[in-house]
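**Student:** Mind having a look at this structure? Questions to follow.
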Amino acid sequence: MNDLTLPAPVREIEAQRYIGQSVERPNMQRLTQGRANYVDDLELPRMLHVVYLRSPHAHARIVRIDAEAARRMPGIAAIVDGRQLAAVCAPWVGTLKHLAGMRSPPQHALAIERATWQGEAVLAILGRTRALAEDALDAVQVEWEPLPAAVHMDTALDAATPVIHPELGSNLCFHREIDTGGVEAVFEGADVVVEDEFRFGRHTGVTLEPRAVLADFTPTGRRLVVHHSHQAPHMMADLYARQLGLQEADVRVVCRDVGGSFGIKVHAYADDFATVALSVLLGRPVKFVADRLESFVTDVHAREHRVKARLALARDGRMLAFQIDDLTGIGPFSMFPRTSAIEGNQVINITGGPYKHAHYKATLDVAFLNKVQTSQYRGVGHPIACTVTEGLVDLAAAKLNIDPLELRRRNVMEDGSYPRQGASGILLEGLSHQACLDRIETLMDYGALRREQATLRERGVHRGIGLAALIELTNPGPAFYGVGGARIAAQDGATVRLDPTGVVHCATGVGEQGQGTETIFAQIVADTLGLP
């Protein structure tokens with residue numbers, strides 16, 4: 001019997017042998033044998049190592065730098081300050097046009113005149129080895145004039161708080177409001193109102209491979225190759241071309257093995273631009289690999305938020321309205337190019353989650369602080385929005401004496417009601433919260449767990465059962481990433497080639513940072529072509 005005579009379901013099963021199956025990762029042996037190719041493994045002829053002198057102050061004027069003794073030390077090729085780099089690398093502004101009213105001052109690769117957070121780089125020391133460069137760094141003398149700093153989110157917008165950038169007039173980076181109308185009246189007439197304040201502390205991603213850059217600029221032809229531990233090579237190629245005055249076709253960014261990312265490596269850092277600009281300035285390869293301390297004071301932080309929130313309900317448990325006030329503290333500059341306001345913007349877009357309340361009011365204030373810059377990391381506002389929403393729902397369930405699962409079931413949007421808009425205005429399609437709640441109830445044997453919980457409580461054992469319903473915004477498409485200046489060149493793709501020996505090669509521009517993309521592409525190609 002040939003394939004054409006097989007019933008359709010059988011043909012489909014035979015055609016798909018790998019997609020959706022658990023298979024061995026094709027790159028695992030190479031990685032576990034220590035044969036990965038990370039940025040710090042690369043050595044190029046005439047390569048220099050750069051270390052950065054960083055501010056020990058949250059806010060300080062750079063009065064004087066004496067680097068003469070450091071220049072005379074063995075193996076030191078150059079010492080470069082912010083003004084010298086500014087002649088090579090243009091400053092950038094971390095705003096997006098679709099975030100109306102957003103403000104951020106120009107940021108340079110190295111600080112000029114003053115440092116605005118503890119850890120901001122103000123001087124580059126380049127040596128034959130990193131050790132030699134670090135020895136020279138210790139010999140540099142800097143005279144600082146400490147300045148008043150804005151370090152507390154709650155008071156950042158107060159009139160008495162020092163303004164980090166006087167030309168802006170205040171520490172406000174971005175303000176946005178969502179209001180469906182009639183919210184106050186709904187709360188006044190509601191049978192039940194629950195409210196709380198939620199605080200989230202700063203944290204960051206800690207990757208096994210820290211951020212790393214090896215830039216190699218060839219003056220002849222003005223061509224640039226950058227080896228990067230990064231998530232978005234095409235974006236960085238565009239940014240390097242723009243900020244350094246190069247043709248994008250002459251810029252190549254190579255991301256081979258990347259030892260973890262978690263979102264911290266999807267941004268463009270001042271260190272990145274400085275390292276690449278140094279290669280352009282000196283015409284030699286320059287490598288920068290952050291150590292763990294540098295990572296903590298330069299990698300983006302995330303989720304410093306204070307959210308005041310309340311939920312109005314009818315006596316039967318129907319959710320009527322959500323209202324939130326989100327204040328978030330960022331760094332002294334908005335992160336380039338994806339900004340430091342996107343996280344808060346996501347919070348107010350998706351708070352209220354999958355529930356079919358008609359009324360919603362939200363306020364967002366993004367405040368500059370003399371702290372490490374913040375931006376997207378691992379979920380981009382979703383953990384905050386989900387925590388706030390589901391925290392209020394649990395408070396309401398307790399106050400109404402309605403089972404938490406039942407309260408959610410009464411209020412999630414119906415599975416057959418899509419596409420539709422959420423109360424904040426976001427477009428939703430193809431969601432299935434009713435089916436998910438039914439499935440999780442069966443999987444966890446919810447009734448049995450509740451009975452066990454009651455029995456244990458009689459014996460003084462308090463066991464919690466947690467539930468959460470959420471919406472995750474995924475696959476926003478190129479239009480989302482192309483707005484307002486965070487351009488991502490449409491160069492991701494795949495080329496499949498059959499060689500004379502019968503082996504099929506798949507080359508793709510999509511990076512691998514541990515998610516298994518190499519495995520996924522192998523599965524797709526194998527099933528499509530009927531190969532092992």
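Ligands are numbered from 1 in the order shown, residues from 1 within each chain, and chains are lettered A, B, ... in the order they appear in the structure tokens.
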Write out as a list in words which residues come within 9 Å of Val226 (chain A) when counting only C-alpha atoms, dropping same-chain ones fewer than 2 positions away.

**Tutor:** Val213, Leu214, Ala215, Asp216, Phe217, Leu224, His228, Ala237, Val251, Arg252, Val253, Val254, Cys255 and Val276 of chain A

**Student:** If we count only C-alpha atoms and set the cut-off at 9 Å, which residues sit around Ile65 (chain A), ignoring sequence neighbours fewer than 4 positions away in its own chain? Please answer as a list in words.

**Tutor:**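 The residues that qualify are Leu123, Val140, Gln141, Val142, Glu143 and Trp144 of chain A.
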
**Student:** Using N, CA and C atoms, can you write the selected residues to a file as a compact mmCIF listing (two decimals), in the first residue's frame?

**Tutor:**
# COMPACT_ATOMS: atom_id res chain seq x y z
N LEU A 123 34.82 56.30 31.78
CA LEU A 123 36.14 56.25 31.15
C LEU A 123 36.40 54.81 30.68
N VAL A 140 43.90 55.22 37.95
CA VAL A 140 43.21 56.45 37.53
C VAL A 140 42.67 57.18 38.75
N GLN A 141 42.87 58.48 38.79
CA GLN A 141 42.37 59.31 39.89
C GLN A 141 41.22 60.17 39.38
N VAL A 142 40.09 60.11 40.08
CA VAL A 142 38.91 60.89 39.69
C VAL A 142 38.47 61.75 40.86
N GLU A 143 38.26 63.02 40.59
CA GLU A 143 37.70 63.93 41.60
C GLU A 143 36.21 64.08 41.31
N TRP A 144 35.38 63.68 42.28
CA TRP A 144 33.93 63.72 42.12
C TRP A 144 33.32 64.83 42.97

**Student:** From a DSSP pass on the backbone, collect the residues of region 13-127 of chain A flagged as strand (DSSP E) and hand them back as number ranges by chain.

**Tutor:** A: 48-54, 60-66, 76-81, 114-115, 121-127

**Student:** Using DSSP assignments from the backbone, pull out every residue in region 269-342 of chain A that falls under alpha helix (DSSP H) and give it to me as a ChimeraX atom specification.

**Tutor:** /A:270-282,292-298,342

**Student:** Between CA of Ala185 (chain A) and CA of Gly391 (chain A), what distance in Å does the model show, to one decimal?

**Tutor:**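 About the pair CA of Ala185 (chain A) and CA of Gly391 (chain A): they are 23.0 Å apart.
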
**Student:** Excluding Arg211 (chain A) and residues on its chain fewer than 3 positions from it, collect all residues at most 9 Å away from it, counting only C-alpha atoms, and give them as a compact mmCIF listing (two decimals) with C-alpha atoms, in the first residue's frame.

**Tutor:**
# COMPACT_ATOMS: atom_id res chain seq x y z
CA THR A 207 22.62 34.75 33.05
CA HIS A 228 27.44 39.60 20.55
CA SER A 229 25.85 37.70 23.40
CA HIS A 230 22.45 39.06 22.44
CA SER A 261 19.17 35.96 28.02
CA ILE A 264 18.17 41.43 29.59
CA LYS A 265 20.01 40.84 26.29
CA ASP A 272 27.73 47.99 23.78
CA PHE A 288 34.18 43.69 26.61
CA VAL A 289 32.86 40.99 28.93
CA ALA A 290 30.97 42.18 32.00
CA ASP A 291 31.89 40.67 35.33
CA SER A 295 26.13 43.04 35.53
CA ASP A 299 22.05 45.00 33.24

**Student:** Considering only C-alpha atoms, tabulate each residue of region 367-401 of chain A that lies at most 9 Å from region 339-347 of chain A along with its nearest interatomic pair and the corresponding distance in Å to one decimal; arrange the rows by chain and ascending residue number and present them as JSON lines.

**Tutor:**
{"residue": "A:Gln373", "atom": "CA", "partner": "A:Ser340", "partner_atom": "CA", "distance": 7.6}
{"residue": "A:Thr374", "atom": "CA", "partner": "A:Ser340", "partner_atom": "CA", "distance": 5.6}
{"residue": "A:Ser375", "atom": "CA", "partner": "A:Ser340", "partner_atom": "CA", "distance": 4.4}
{"residue": "A:Gln376", "atom": "CA", "partner": "A:Glu343", "partner_atom": "CA", "distance": 6.0}
{"residue": "A:Tyr377", "atom": "CA", "partner": "A:Glu343", "partner_atom": "CA", "distance": 8.6}
{"residue": "A:Gly379", "atom": "CA", "partner": "A:Glu343", "partner_atom": "CA", "distance": 8.8}
{"residue": "A:Val380", "atom": "CA", "partner": "A:Glu343", "partner_atom": "CA", "distance": 5.1}
{"residue": "A:Gly381", "atom": "CA", "partner": "A:Glu343", "partner_atom": "CA", "distance": 4.8}
{"residue": "A:His382", "atom": "CA", "partner": "A:Val347", "partner_atom": "CA", "distance": 6.5}
{"residue": "A:Pro383", "atom": "CA", "partner": "A:Val347", "partner_atom": "CA", "distance": 8.6}
{"residue": "A:Ile384", "atom": "CA", "partner": "A:Val347", "partner_atom": "CA", "distance": 6.5}
{"residue": "A:Ala385", "atom": "CA", "partner": "A:Val347", "partner_atom": "CA", "distance": 5.0}
{"residue": "A:Cys386", "atom": "CA", "partner": "A:Val347", "partner_atom": "CA", "distance": 8.6}

**Student:** Write out as an MDAnalysis selection string which residues come within 8 Å of Glu134 (chain A) when counting only C-alpha atoms, dropping same-chain ones fewer than 4 positions away.

**Tutor:** chainID A and resid 51 125 130 138

**Student:** Could you save the residues just selected, with C-alpha atoms, as an mmCIF file, in the first residue's frame?

**Tutor:**
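Everything below was put into result01.cif:
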data_model
loop_
_atom_site.group_PDB
_atom_site.id
_atom_site.type_symbol
_atom_site.label_atom_id
_atom_site.label_comp_id
_atom_site.auth_asym_id
_atom_site.auth_seq_id
_atom_site.Cartn_x
_atom_site.Cartn_y
_atom_site.Cartn_z
ATOM 1 C CA VAL A 51 37.364 47.867 31.171
ATOM 2 C CA ILE A 125 40.803 51.764 29.601
ATOM 3 C CA ARG A 130 41.862 42.504 30.776
ATOM 4 C CA ASP A 138 43.208 51.279 39.691
#

**Student:** When you draw a straight line from CA of Lys287 (chain A) to CA of Met47 (chain A), how long is it in Å?

**Tutor:**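 According to the coordinates, CA of Lys287 (chain A) and CA of Met47 (chain A) are separated by 7.2 Å.
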
**Student:** Which residues come within 8 Å of Leu431 (chain A), counting only C-alpha atoms, excluding same-chain residues fewer than 2 positions away, as a PyMOL selection string?

**Tutor:** chain A and resi 415+418+428-429+433

**Student:** List the neighbours of His359 (chain A) out to 12 Å using only C-alpha atoms; skip same-chain residues closer than 5 positions along the sequence, and give me the result as a VMD selection string.

**Tutor:** chain A and resid 178 to 187 311 to 313 319 to 324 352 422 to 425
